[in-house]
file run_21.pdb (PDB, C-alpha atoms)
ATOM      1  CA  MET X   1      94.282  94.091  78.465
ATOM      2  CA  LEU X   2      91.051  95.613  79.796
ATOM      3  CA  SER X   3      88.914  94.042  77.066
ATOM      4  CA  TRP X   4      90.747  90.741  77.400
ATOM      5  CA  SER X   5      90.546  90.489  81.180
ATOM      6  CA  SER X   6      86.903  91.468  81.171
ATOM      7  CA  SER X   7      85.860  88.962  78.498
ATOM      8  CA  GLN X   8      87.950  86.180  80.062
ATOM      9  CA  THR X   9      86.084  86.585  83.335
ATOM     10  CA  GLY X  10      82.623  86.787  81.802
ATOM     11  CA  GLY X  11      82.222  90.550  81.648
ATOM     12  CA  GLN X  12      81.864  93.028  78.846
ATOM     13  CA  VAL X  13      83.591  96.349  79.260
ATOM     14  CA  HIS X  14      82.452  99.450  77.371
ATOM     15  CA  LEU X  15      85.634 101.040  76.045
ATOM     16  CA  THR X  16      83.920 104.145  74.722
ATOM     17  CA  SER X  17      82.547 104.773  78.223
ATOM     18  CA  VAL X  18      85.995 104.273  79.727
ATOM     19  CA  ALA X  19      87.463 106.692  77.196
ATOM     20  CA  ALA X  20      84.798 109.261  78.047
ATOM     21  CA  GLY X  21      85.199 108.741  81.798
ATOM     22  CA  ALA X  22      81.566 107.593  82.007
ATOM     23  CA  ALA X  23      80.189 105.607  84.935
ATOM     24  CA  ASP X  24      78.486 102.864  82.884
ATOM     25  CA  ASN X  25      81.665 101.066  81.871
ATOM     26  CA  GLY X  26      80.630  97.501  82.656
ATOM     27  CA  VAL X  27      83.077  96.868  85.526
ATOM     28  CA  ASP X  28      82.040  96.238  89.146
ATOM     29  CA  HIS X  29      82.384  99.510  91.097
ATOM     30  CA  GLY X  30      83.514 100.899  87.764
ATOM     31  CA  ASP X  31      82.017 104.324  88.456
ATOM     32  CA  VAL X  32      84.009 105.049  91.612
ATOM     33  CA  ILE X  33      87.121 103.332  90.293
ATOM     34  CA  LEU X  34      87.109 105.320  87.062
ATOM     35  CA  ARG X  35      86.515 108.572  88.928
ATOM     36  CA  PHE X  36      89.435 107.771  91.234
ATOM     37  CA  ALA X  37      91.754 106.834  88.338
ATOM     38  CA  THR X  38      90.795 110.025  86.522
ATOM     39  CA  ALA X  39      91.505 112.111  89.606
ATOM     40  CA  CYS X  40      94.843 110.355  90.158
ATOM     41  CA  ALA X  41      95.955 111.478  86.702
ATOM     42  CA  GLY X  42      94.562 114.988  87.189
ATOM     43  CA  ARG X  43      95.762 118.057  89.079
ATOM     44  CA  ASP X  44      92.766 118.796  91.339
ATOM     45  CA  ASP X  45      93.634 117.731  94.893
ATOM     46  CA  ASP X  46      90.104 118.350  96.202
ATOM     47  CA  GLU X  47      88.598 116.154  93.495
ATOM     48  CA  LEU X  48      91.163 113.462  94.268
ATOM     49  CA  ALA X  49      90.335 113.585  97.983
ATOM     50  CA  ASP X  50      86.634 113.253  97.229
ATOM     51  CA  ALA X  51      87.143 110.462  94.703
ATOM     52  CA  ARG X  52      89.371 108.647  97.212
ATOM     53  CA  ALA X  53      86.739 108.928  99.949
ATOM     54  CA  ARG X  54      84.007 107.646  97.609
ATOM     55  CA  LEU X  55      86.135 104.666  96.654
ATOM     56  CA  VAL X  56      86.850 103.810 100.308
ATOM     57  CA  ASP X  57      83.129 104.101 101.099
ATOM     58  CA  ALA X  58      82.258 101.741  98.247
ATOM     59  CA  THR X  59      85.027  99.233  99.004
ATOM     60  CA  ASP X  60      87.591  99.629 101.795
ATOM     61  CA  GLU X  61      90.881 101.376 102.455
ATOM     62  CA  ALA X  62      93.029  98.425 101.359
ATOM     63  CA  PHE X  63      91.174  98.347  98.035
ATOM     64  CA  MET X  64      91.823 102.073  97.581
ATOM     65  CA  VAL X  65      95.534 101.568  98.310
ATOM     66  CA  ASP X  66      95.697  98.799  95.715
ATOM     67  CA  ALA X  67      93.941 101.048  93.197
ATOM     68  CA  ALA X  68      96.343 103.891  93.992
ATOM     69  CA  ALA X  69      99.264 101.535  93.434
ATOM     70  CA  VAL X  70      97.965 100.430  90.036
ATOM     71  CA  ALA X  71      97.541 104.070  89.002
ATOM     72  CA  ALA X  72     101.103 104.754  90.191
ATOM     73  CA  ASN X  73     102.367 101.777  88.217
ATOM     74  CA  PHE X  74     101.007 103.276  85.027
ATOM     75  CA  GLU X  75     102.621 106.607  85.848
ATOM     76  CA  MET X  76     105.806 104.531  85.772
ATOM     77  CA  MET X  77     105.000 102.456  82.703
ATOM     78  CA  THR X  78     103.772 105.337  80.540
ATOM     79  CA  ARG X  79     107.054 107.181  81.175
ATOM     80  CA  LEU X  80     109.001 103.997  80.464
ATOM     81  CA  ALA X  81     107.111 103.338  77.218
ATOM     82  CA  ASP X  82     107.182 106.879  75.878
ATOM     83  CA  SER X  83     110.802 107.651  76.744
ATOM     84  CA  THR X  84     112.179 104.420  75.260
ATOM     85  CA  GLY X  85     110.045 104.499  72.120
ATOM     86  CA  ALA X  86     108.125 101.329  72.948
ATOM     87  CA  ARG X  87     105.914 100.165  70.111
ATOM     88  CA  MET X  88     103.683  97.190  69.435
ATOM     89  CA  PRO X  89     104.351  94.767  66.578
ATOM     90  CA  ALA X  90     102.218  95.361  63.477
ATOM     91  CA  ASP X  91     100.148  92.206  63.969
ATOM     92  CA  VAL X  92      99.241  93.249  67.516
ATOM     93  CA  LEU X  93      98.239  96.695  66.275
ATOM     94  CA  GLU X  94      95.944  95.047  63.738
ATOM     95  CA  GLN X  95      94.326  92.897  66.416
ATOM     96  CA  ARG X  96      93.724  95.958  68.569
ATOM     97  CA  ALA X  97      92.348  98.223  65.854
ATOM     98  CA  ALA X  98      88.835  98.162  67.315
ATOM     99  CA  ALA X  99      90.047  99.025  70.819
ATOM    100  CA  ILE X 100      92.279 101.795  69.450
ATOM    101  CA  GLY X 101      89.276 103.256  67.631
ATOM    102  CA  ALA X 102      86.986 102.980  70.658
ATOM    103  CA  MET X 103      89.546 104.649  72.924
ATOM    104  CA  GLY X 104      90.222 107.407  70.409
ATOM    105  CA  VAL X 105      93.995 107.169  70.790
ATOM    106  CA  GLY X 106      95.006 106.646  67.161
ATOM    107  CA  GLU X 107      96.217 110.207  66.647
ATOM    108  CA  LEU X 108      98.379 110.561  69.743
ATOM    109  CA  THR X 109     101.949 111.820  69.360
ATOM    110  CA  SER X 110     103.045 108.687  71.195
ATOM    111  CA  ARG X 111     101.687 106.380  68.464
ATOM    112  CA  ARG X 112     104.671 104.776  66.798
TER
ATOM    113  CA  MET L   1      94.767 110.617 108.082
ATOM    114  CA  THR L   2      97.393 107.905 107.903
ATOM    115  CA  VAL L   3      96.751 105.234 105.307
ATOM    116  CA  ALA L   4      97.923 101.674 105.949
ATOM    117  CA  VAL L   5     100.096 100.594 103.023
ATOM    118  CA  ARG L   6     100.697  96.865 102.687
ATOM    119  CA  SER L   7     104.218  95.886 103.613
ATOM    120  CA  ASP L   8     105.398  94.580 100.221
ATOM    121  CA  LEU L   9     104.378  97.820  98.531
ATOM    122  CA  ALA L  10     105.936 100.027 101.214
ATOM    123  CA  GLU L  11     109.122  97.974 100.969
ATOM    124  CA  ALA L  12     109.263  98.214  97.162
ATOM    125  CA  HIS L  13     108.987 102.002  97.397
ATOM    126  CA  ARG L  14     111.559 102.202 100.207
ATOM    127  CA  LEU L  15     113.974 100.141  98.113
ATOM    128  CA  ALA L  16     113.237 102.302  95.054
ATOM    129  CA  TRP L  17     114.243 105.462  96.936
ATOM    130  CA  GLU L  18     117.348 103.695  98.261
ATOM    131  CA  HIS L  19     118.136 102.553  94.718
ATOM    132  CA  LEU L  20     117.948 106.131  93.422
ATOM    133  CA  ALA L  21     120.607 107.256  95.900
ATOM    134  CA  ALA L  22     123.139 104.572  94.997
ATOM    135  CA  PRO L  23     125.557 104.842  92.069
ATOM    136  CA  GLY L  24     123.956 103.515  88.906
ATOM    137  CA  SER L  25     125.608 102.001  85.881
ATOM    138  CA  TRP L  26     126.281 105.423  84.335
ATOM    139  CA  TRP L  27     125.488 108.137  86.900
ATOM    140  CA  THR L  28     126.798 108.751  90.418
ATOM    141  CA  GLY L  29     124.461 108.735  93.402
ATOM    142  CA  ALA L  30     124.739 112.529  93.602
ATOM    143  CA  GLN L  31     123.788 112.918  89.941
ATOM    144  CA  ARG L  32     120.901 110.481  90.306
ATOM    145  CA  ILE L  33     119.464 112.283  93.334
ATOM    146  CA  GLU L  34     119.872 115.646  91.585
ATOM    147  CA  LEU L  35     118.000 114.306  88.544
ATOM    148  CA  ALA L  36     115.344 112.701  90.757
ATOM    149  CA  THR L  37     114.831 116.094  92.372
ATOM    150  CA  THR L  38     114.256 117.651  88.955
ATOM    151  CA  ALA L  39     111.734 114.897  88.172
ATOM    152  CA  LEU L  40     109.881 115.676  91.408
ATOM    153  CA  VAL L  41     109.867 119.383  90.508
ATOM    154  CA  ALA L  42     108.428 118.545  87.086
ATOM    155  CA  ILE L  43     105.657 116.351  88.468
ATOM    156  CA  ALA L  44     104.592 118.891  91.094
ATOM    157  CA  ASP L  45     105.078 121.985  88.917
ATOM    158  CA  ASP L  46     101.968 124.201  89.063
ATOM    159  CA  ASP L  47     103.304 126.266  86.157
ATOM    160  CA  PRO L  48     104.915 123.617  83.966
ATOM    161  CA  LEU L  49     107.313 124.467  81.199
ATOM    162  CA  PRO L  50     106.137 123.528  77.697
ATOM    163  CA  PRO L  51     107.689 120.284  76.435
ATOM    164  CA  TRP L  52     110.070 122.100  74.105
ATOM    165  CA  VAL L  53     111.592 124.375  76.778
ATOM    166  CA  GLY L  54     114.536 122.948  78.709
ATOM    167  CA  ILE L  55     114.470 123.503  82.461
ATOM    168  CA  SER L  56     118.186 124.329  82.341
ATOM    169  CA  LEU L  57     117.327 127.523  80.448
ATOM    170  CA  ALA L  58     114.394 128.465  82.669
ATOM    171  CA  GLY L  59     116.261 129.453  85.815
ATOM    172  CA  ARG L  60     114.557 126.784  87.902
ATOM    173  CA  LEU L  61     117.617 124.673  88.732
ATOM    174  CA  PRO L  62     120.233 125.280  91.427
ATOM    175  CA  ASP L  63     123.322 127.109  90.140
ATOM    176  CA  GLU L  64     125.659 124.367  91.328
ATOM    177  CA  ARG L  65     124.888 121.132  89.489
ATOM    178  CA  VAL L  66     126.628 117.787  89.086
ATOM    179  CA  ALA L  67     124.514 116.376  86.237
ATOM    180  CA  PRO L  68     124.629 117.905  82.734
ATOM    181  CA  ASP L  69     121.947 120.312  81.543
ATOM    182  CA  MET L  70     120.705 117.891  78.887
ATOM    183  CA  ALA L  71     120.008 115.253  81.549
ATOM    184  CA  HIS L  72     117.951 117.766  83.534
ATOM    185  CA  ASP L  73     116.117 118.916  80.426
ATOM    186  CA  ILE L  74     115.237 115.411  79.334
ATOM    187  CA  ILE L  75     114.188 114.157  82.767
ATOM    188  CA  TYR L  76     111.895 117.164  83.206
ATOM    189  CA  ARG L  77     110.264 116.390  79.857
ATOM    190  CA  ILE L  78     109.878 112.676  80.593
ATOM    191  CA  ALA L  79     108.571 113.295  84.095
ATOM    192  CA  ARG L  80     106.003 115.889  82.974
ATOM    193  CA  HIS L  81     105.357 115.427  79.249
ATOM    194  CA  ALA L  82     106.343 111.851  78.417
ATOM    195  CA  GLY L  83     103.618 111.529  75.779
ATOM    196  CA  THR L  84     105.321 114.234  73.717
ATOM    197  CA  MET L  85     108.604 112.346  73.352
ATOM    198  CA  THR L  86     109.650 111.727  69.765
ATOM    199  CA  GLU L  87     112.448 109.740  68.188
ATOM    200  CA  ASP L  88     114.187 112.962  67.173
ATOM    201  CA  VAL L  89     114.249 114.160  70.784
ATOM    202  CA  TYR L  90     115.585 110.765  71.849
ATOM    203  CA  ARG L  91     118.357 110.901  69.211
ATOM    204  CA  VAL L  92     119.506 114.349  70.330
ATOM    205  CA  ALA L  93     119.511 113.357  74.000
ATOM    206  CA  ALA L  94     121.244 110.029  73.382
ATOM    207  CA  GLU L  95     123.890 111.748  71.261
ATOM    208  CA  ALA L  96     124.629 114.157  74.105
ATOM    209  CA  LEU L  97     124.399 111.732  77.027
ATOM    210  CA  GLY L  98     125.083 108.309  75.512
ATOM    211  CA  GLU L  99     122.403 105.710  74.806
ATOM    212  CA  LEU L 100     122.738 103.771  78.042
ATOM    213  CA  PRO L 101     123.036 106.824  80.326
ATOM    214  CA  TYR L 102     119.855 108.033  78.575
ATOM    215  CA  VAL L 103     118.096 104.780  79.517
ATOM    216  CA  GLU L 104     119.165 105.249  83.121
ATOM    217  CA  VAL L 105     117.685 108.782  83.116
ATOM    218  CA  CYS L 106     114.395 107.344  81.816
ATOM    219  CA  ALA L 107     114.357 104.864  84.679
ATOM    220  CA  ILE L 108     115.016 107.560  87.275
ATOM    221  CA  ALA L 109     112.048 109.503  85.870
ATOM    222  CA  SER L 110     109.714 106.510  85.862
ATOM    223  CA  THR L 111     110.734 105.441  89.375
ATOM    224  CA  VAL L 112     110.139 108.921  90.751
ATOM    225  CA  GLY L 113     106.847 109.105  88.864
ATOM    226  CA  ALA L 114     105.554 105.938  90.493
ATOM    227  CA  VAL L 115     106.427 106.839  94.073
ATOM    228  CA  ALA L 116     105.424 110.501  93.836
ATOM    229  CA  HIS L 117     102.063 109.706  92.267
ATOM    230  CA  PHE L 118     101.349 106.867  94.682
ATOM    231  CA  CYS L 119     101.864 109.224  97.606
ATOM    232  CA  ARG L 120      99.542 111.809  96.079
ATOM    233  CA  ASN L 121      96.984 109.141  95.184
ATOM    234  CA  VAL L 122      96.678 107.987  98.805
ATOM    235  CA  GLY L 123      96.975 111.506 100.252
ATOM    236  CA  GLN L 124     100.403 111.178 101.837
ATOM    237  CA  PRO L 125     103.470 113.410 101.481
ATOM    238  CA  VAL L 126     106.279 112.241  99.222
ATOM    239  CA  PRO L 127     109.178 111.025 101.385
ATOM    240  CA  ALA L 128     112.382 113.060 101.192
ATOM    241  CA  LEU L 129     114.946 111.685  98.800
ATOM    242  CA  PRO L 130     117.846 110.001 100.615
ATOM    243  CA  GLU L 131     121.358 111.391 100.782
ATOM    244  CA  PRO L 132     123.361 110.139  97.806
ATOM    245  CA  VAL L 133     125.706 107.227  98.334
ATOM    246  CA  GLY L 134     129.299 107.906  97.291
ATOM    247  CA  GLY L 135     131.246 106.016  94.687
ATOM    248  CA  GLU L 136     131.642 105.855  90.953
ATOM    249  CA  PRO L 137     129.074 104.470  88.495
ATOM    250  CA  THR L 138     129.395 100.710  88.220
ATOM    251  CA  GLY L 139     129.424 100.458  84.418
ATOM    252  CA  GLU L 140     127.239  97.358  84.730
ATOM    253  CA  ARG L 141     125.768  96.359  81.362
ATOM    254  CA  PRO L 142     124.650  93.167  79.622
ATOM    255  CA  ASP L 143     127.234  91.004  77.914
ATOM    256  CA  GLU L 144     125.712  91.879  74.566
ATOM    257  CA  LEU L 145     123.491  94.719  73.384
ATOM    258  CA  ALA L 146     121.183  94.686  70.376
ATOM    259  CA  ALA L 147     119.242  97.260  68.391
ATOM    260  CA  ALA L 148     115.509  96.714  68.860
ATOM    261  CA  GLU L 149     112.653  96.944  66.383
ATOM    262  CA  LEU L 150     110.231  97.586  69.234
ATOM    263  CA  ASN L 151     112.145 100.371  71.046
ATOM    264  CA  TRP L 152     114.348 103.330  70.153
ATOM    265  CA  VAL L 153     116.818 102.354  72.859
ATOM    266  CA  PRO L 154     119.223  99.425  72.633
ATOM    267  CA  VAL L 155     118.363  96.386  74.746
ATOM    268  CA  ALA L 156     120.061  93.264  76.032
ATOM    269  CA  ALA L 157     120.476  90.708  73.252
ATOM    270  CA  PRO L 158     118.509  89.060  71.807
ATOM    271  CA  ALA L 159     116.153  91.947  71.003
ATOM    272  CA  ASP L 160     112.398  91.757  70.559
ATOM    273  CA  ARG L 161     111.909  88.390  72.229
ATOM    274  CA  TRP L 162     109.788  90.159  74.862
ATOM    275  CA  PRO L 163     107.268  93.009  74.627
ATOM    276  CA  ALA L 164     108.772  96.492  74.239
ATOM    277  CA  VAL L 165     108.014  97.576  77.792
ATOM    278  CA  VAL L 166     109.594  94.444  79.245
ATOM    279  CA  GLN L 167     112.862  94.803  77.314
ATOM    280  CA  ALA L 168     113.083  98.622  77.491
ATOM    281  CA  TYR L 169     115.486  98.866  80.456
ATOM    282  CA  THR L 170     117.381  95.600  79.977
ATOM    283  CA  ALA L 171     120.487  97.496  78.839
ATOM    284  CA  VAL L 172     120.785  98.854  82.392
ATOM    285  CA  PRO L 173     120.248  95.780  84.591
ATOM    286  CA  GLY L 174     119.893  97.590  87.921
ATOM    287  CA  GLU L 175     117.045  99.710  86.537
ATOM    288  CA  GLN L 176     115.375  96.681  85.006
ATOM    289  CA  HIS L 177     115.415  94.904  88.368
ATOM    290  CA  ASN L 178     114.123  97.902  90.328
ATOM    291  CA  THR L 179     111.339  98.638  87.839
ATOM    292  CA  TRP L 180     109.928  95.124  87.776
ATOM    293  CA  ARG L 181     110.207  94.769  91.552
ATOM    294  CA  MET L 182     108.034  97.877  91.799
ATOM    295  CA  ALA L 183     105.621  96.605  89.144
ATOM    296  CA  ALA L 184     105.138  93.338  91.031
ATOM    297  CA  ALA L 185     104.081  95.230  94.171
ATOM    298  CA  GLN L 186     102.071  97.936  92.410
ATOM    299  CA  TYR L 187     100.370  95.964  89.663
ATOM    300  CA  ILE L 188     100.878  92.263  88.998
ATOM    301  CA  PRO L 189     103.905  89.956  89.296
ATOM    302  CA  VAL L 190     105.181  89.240  85.772
ATOM    303  CA  ASP L 191     104.472  85.502  86.028
ATOM    304  CA  GLU L 192     100.802  86.198  86.815
ATOM    305  CA  MET L 193     100.089  88.543  83.910
ATOM    306  CA  VAL L 194      98.635  85.816  81.708
ATOM    307  CA  HIS L 195      95.998  84.962  84.330
ATOM    308  CA  ALA L 196      92.821  86.974  83.751
ATOM    309  CA  ASP L 197      91.408  85.963  87.134
ATOM    310  CA  TRP L 198      94.496  86.839  89.218
ATOM    311  CA  MET L 199      93.795  88.800  92.396
ATOM    312  CA  ARG L 200      96.264  90.009  94.994
ATOM    313  CA  ARG L 201      93.874  89.111  97.797
ATOM    314  CA  ARG L 202      90.284  88.113  98.416
ATOM    315  CA  ASP L 203      87.956  91.121  98.008
ATOM    316  CA  GLY L 204      90.778  92.987  96.303
ATOM    317  CA  LEU L 205      90.860  94.416  92.794
ATOM    318  CA  THR L 206      89.731  92.052  90.072
ATOM    319  CA  ARG L 207      91.833  91.922  86.935
ATOM    320  CA  ALA L 208      89.205  93.926  85.035
ATOM    321  CA  GLN L 209      89.174  96.597  87.761
ATOM    322  CA  THR L 210      92.974  96.689  87.647
ATOM    323  CA  GLU L 211      93.005  97.109  83.873
ATOM    324  CA  LEU L 212      90.291  99.771  84.056
ATOM    325  CA  ILE L 213      92.637 101.915  86.154
ATOM    326  CA  ALA L 214      95.609 101.121  83.912
ATOM    327  CA  THR L 215      93.686 102.009  80.772
ATOM    328  CA  ARG L 216      92.342 105.282  82.139
ATOM    329  CA  VAL L 217      95.701 106.509  83.451
ATOM    330  CA  ALA L 218      97.468 105.575  80.196
ATOM    331  CA  GLN L 219      94.748 107.307  78.174
ATOM    332  CA  LEU L 220      94.979 110.510  80.207
ATOM    333  CA  ARG L 221      98.786 110.441  79.937
ATOM    334  CA  GLU L 222      98.314 110.147  76.148
ATOM    335  CA  CYS L 223     100.355 106.955  76.043
ATOM    336  CA  PHE L 224      99.454 105.006  72.928
ATOM    337  CA  TYR L 225     101.300 101.866  73.998
TER
END
call {"tool": "encode", "arguments": {"input": "run_21.pdb", "output": "structure tokens"}}
result
Amino acid sequence: MLSWSSSQTGGQVHLTSVAAGAADNGVDHGDVILRFATACAGRDDDELADARARLVDATDEAFMVDAAAVAANFEMMTRLADSTGARMPADVLEQRAAAIGAMGVGELTSRR
Amino acid sequence: MTVAVRSDLAEAHRLAWEHLAAPGSWWTGAQRIELATTALVAIADDDPLPPWVGISLAGRLPDERVAPDMAHDIIYRIARHAGTMTEDVYRVAAEALGELPYVEVCAIASTVGAVAHFCRNVGQPVPALPEPVGGEPTGERPDELAAAELNWVPVAAPADRWPAVVQAYTAVPGEQHNTWRMAAAQYIPVDEMVHADWMRRRDGLTRAQTELIATRVAQLRECFY
């Protein structure tokens, strides 16, 4: 979805940078957004507070709230997918082989 | 610092908490709130149990319980270690609990996960869970169930017409409704998902920014899907 949405709107996202948590990911404000998303999924409250403040400084509070909500949504959807054994059809997996390789997720326990 | 949360999002989370306290299709309100509490414990646990250790054996649950040990064990694992779930674990849990009660437990875990993490993400405390609403489980289920190719769990027939994540909770209609109401407020309304240029508001997150967050969180949660 990230590659698709980026290409559809004229951008080019760097999946290997996203996977590595690197700032040069090809998305507007991608550095502060990625840092915030990483902190949301982490356990360090001080890092999260700092990442949140940086995101608000770069955008605004409403933007940060929307970003926090998207992160929360994928806390919901990852639990939904992994607890119900959600899998992609074989043809979709084939189409996404490059993205799977770039993200380095092919060996995860949750691959089905 | 108090953060202003837009009204549709605040309302979706308020309704989600209210939903947890009401009788579900297969669990009473008291059982659902007890299981939601275990999910909150799992998410906040500074010394988490390994995925293969059940919380019911770890002395971390109240002595008096209304939900079975297996339900507590599985909701702790889903809430804290969802990426480690395997089909074998699902089969054991579904055998003990029933397939549809298992689906309802998954939905309690994912609902709690969304609200608890949102609160942490914006730097606010997690609201207290409501008092359970009395009454028996409703037994609500689709007219017809089907085995799915794209999920372990059974779904409302016909199976596999929709993506796996969309059909995952259809066997428990109340959970399906609550989950997608939350997703519309947190992420994107279902009808808008095909639009790469959709934005919730002017100067808000672009679709690429939205998917950047989604991708990073899913990667760090080790969710292949």
call {"tool": "resolve_selection", "arguments": {"input": "run_21.pdb", "expression": "the PyMOL selection byres ((chain X and resi 15-23) around 9)", "output": "JSON, numbers by chain"}}
result
{"X": [2, 3, 13, 14, 24, 25, 26, 29, 30, 31, 32, 34, 35, 38, 99, 101, 102, 103, 104], "L": [212, 215, 216, 219, 220]}
call {"tool": "atom_distance", "arguments": {"input": "run_21.pdb", "atom1": "atom CA of L:Gly98", "atom2": "atom CA of L:Val112"}}
result
21.4 Å
call {"tool": "closest_atom_pairs", "arguments": {"input": "run_21.pdb", "of": "chain X", "to": "chain L", "cutoff": "7 Å", "atoms": "all atoms listed in the file", "output": "Markdown table"}}
result
| residue | atom | partner | partner_atom | distance |
| --- | --- | --- | --- | --- |
| X:Met1 | CA | L:Glu211 | CA | 6.3 |
| X:Leu2 | CA | L:Glu211 | CA | 4.8 |
| X:Ser5 | CA | L:Ala196 | CA | 4.9 |
| X:Ser6 | CA | L:Ala208 | CA | 5.1 |
| X:Gln8 | CA | L:Ala196 | CA | 6.2 |
| X:Thr9 | CA | L:Asp197 | CA | 6.6 |
| X:Val18 | CA | L:Arg216 | CA | 6.9 |
| X:Val27 | CA | L:Gln209 | CA | 6.5 |
| X:Leu34 | CA | L:Ile213 | CA | 6.6 |
| X:Ala37 | CA | L:Ile213 | CA | 5.5 |
| X:Thr38 | CA | L:Arg216 | CA | 6.6 |
| X:Cys40 | CA | L:Asn121 | CA | 5.6 |
| X:Ala41 | CA | L:Val217 | CA | 5.9 |
| X:Phe63 | CA | L:Gly204 | CA | 5.6 |
| X:Val65 | CA | L:Val122 | CA | 6.5 |
| X:Ala68 | CA | L:Asn121 | CA | 5.4 |
| X:Ala69 | CA | L:Gln186 | CA | 4.7 |
| X:Val70 | CA | L:Tyr187 | CA | 5.1 |
| X:Ala71 | CA | L:Ile213 | CA | 6.1 |
| X:Ala72 | CA | L:Ala114 | CA | 4.6 |
| X:Asn73 | CA | L:Gln186 | CA | 5.7 |
| X:Phe74 | CA | L:Ala214 | CA | 5.9 |
| X:Glu75 | CA | L:Ala114 | CA | 5.5 |
| X:Met76 | CA | L:Ser110 | CA | 4.4 |
| X:Met77 | CA | L:Ser110 | CA | 7.0 |
| X:Thr78 | CA | L:Cys223 | CA | 5.9 |
| X:Arg79 | CA | L:Ser110 | CA | 5.4 |
| X:Leu80 | CA | L:Ser110 | CA | 6.0 |
| X:Ala81 | CA | L:Val165 | CA | 5.9 |
| X:Asp82 | CA | L:Ala82 | CA | 5.6 |
| X:Ser83 | CA | L:Met85 | CA | 6.2 |
| X:Thr84 | CA | L:Val153 | CA | 5.6 |
| X:Gly85 | CA | L:Asn151 | CA | 4.8 |
| X:Ala86 | CA | L:Asn151 | CA | 4.5 |
| X:Arg87 | CA | L:Leu150 | CA | 5.1 |
| X:Met88 | CA | L:Leu150 | CA | 6.6 |
| X:Val105 | CA | L:Phe224 | CA | 6.2 |
| X:Leu108 | CA | L:Glu222 | CA | 6.4 |
| X:Thr109 | CA | L:Thr84 | CA | 6.0 |
| X:Ser110 | CA | L:Gly83 | CA | 5.4 |
| X:Arg111 | CA | L:Phe224 | CA | 5.2 |
call {"tool": "atom_distance", "arguments": {"input": "run_21.pdb", "atom1": "atom CA of X:Ile33", "atom2": "atom CA of L:Ala10"}}
result
22.0 Å
call {"tool": "resolve_selection", "arguments": {"input": "run_21.pdb", "expression": "the PyMOL selection byres ((chain L and resi 140) around 10)", "output": "list of chain:residue names"}}
result
L:Gly24, L:Ser25, L:Trp26, L:Pro137, L:Thr138, L:Gly139, L:Arg141, L:Pro142, L:Asp143, L:Ala171, L:Val172, L:Pro173, L:Gly174
call {"tool": "closest_residue", "arguments": {"input": "run_21.pdb", "among": "L:Val41, L:Leu49, L:Val133, L:Val126", "to": "L:Glu18", "atoms": "all atoms listed in the file"}}
result
L:Val133
call {"tool": "atom_distance", "arguments": {"input": "run_21.pdb", "atom1": "atom CA of L:Leu100", "atom2": "atom CA of L:Val155"}}
result
9.2 Å
call {"tool": "closest_residue", "arguments": {"input": "run_21.pdb", "among": "X:Phe36, X:Met64, X:Glu107, X:Asp91", "to": "X:Ala51", "atoms": "all atoms listed in the file"}}
result
X:Phe36
call {"tool": "closest_residue", "arguments": {"input": "run_21.pdb", "among": "L:Arg202, L:Arg14, L:Arg65, L:Arg161", "to": "L:Gln31", "atoms": "all atoms listed in the file"}}
result
L:Arg65
call {"tool": "build_atoms", "arguments": {"input": "run_21.pdb", "residues": "stretch 131-141 of chain L", "atoms": "N, CA and C atoms", "output": "compact mmCIF listing (two decimals), in the frame of the given file"}}
result
# COMPACT_ATOMS: atom_id res chain seq x y z
N GLU L 131 120.05 110.83 101.12
CA GLU L 131 121.36 111.39 100.78
C GLU L 131 122.03 110.46 99.78
N PRO L 132 122.70 111.02 98.78
CA PRO L 132 123.36 110.14 97.81
C PRO L 132 124.47 109.31 98.44
N VAL L 133 124.62 108.11 97.92
CA VAL L 133 125.71 107.23 98.33
C VAL L 133 126.92 107.53 97.45
N GLY L 134 128.09 107.59 98.06
CA GLY L 134 129.30 107.91 97.29
C GLY L 134 129.73 106.76 96.39
N GLY L 135 130.71 107.06 95.56
CA GLY L 135 131.25 106.02 94.69
C GLY L 135 131.00 106.32 93.23
N GLU L 136 131.74 105.65 92.40
CA GLU L 136 131.64 105.86 90.95
C GLU L 136 130.55 104.97 90.35
N PRO L 137 130.02 105.36 89.20
CA PRO L 137 129.07 104.47 88.50
C PRO L 137 129.72 103.11 88.26
N THR L 138 128.87 102.08 88.29
CA THR L 138 129.40 100.71 88.22
C THR L 138 129.78 100.27 86.81
N GLY L 139 129.18 100.90 85.79
CA GLY L 139 129.42 100.46 84.42
C GLY L 139 128.75 99.13 84.08
N GLU L 140 127.89 98.65 84.98
CA GLU L 140 127.24 97.36 84.73
C GLU L 140 126.39 97.43 83.45
N ARG L 141 126.53 96.43 82.61
CA ARG L 141 125.77 96.36 81.36
C ARG L 141 125.68 94.90 80.95
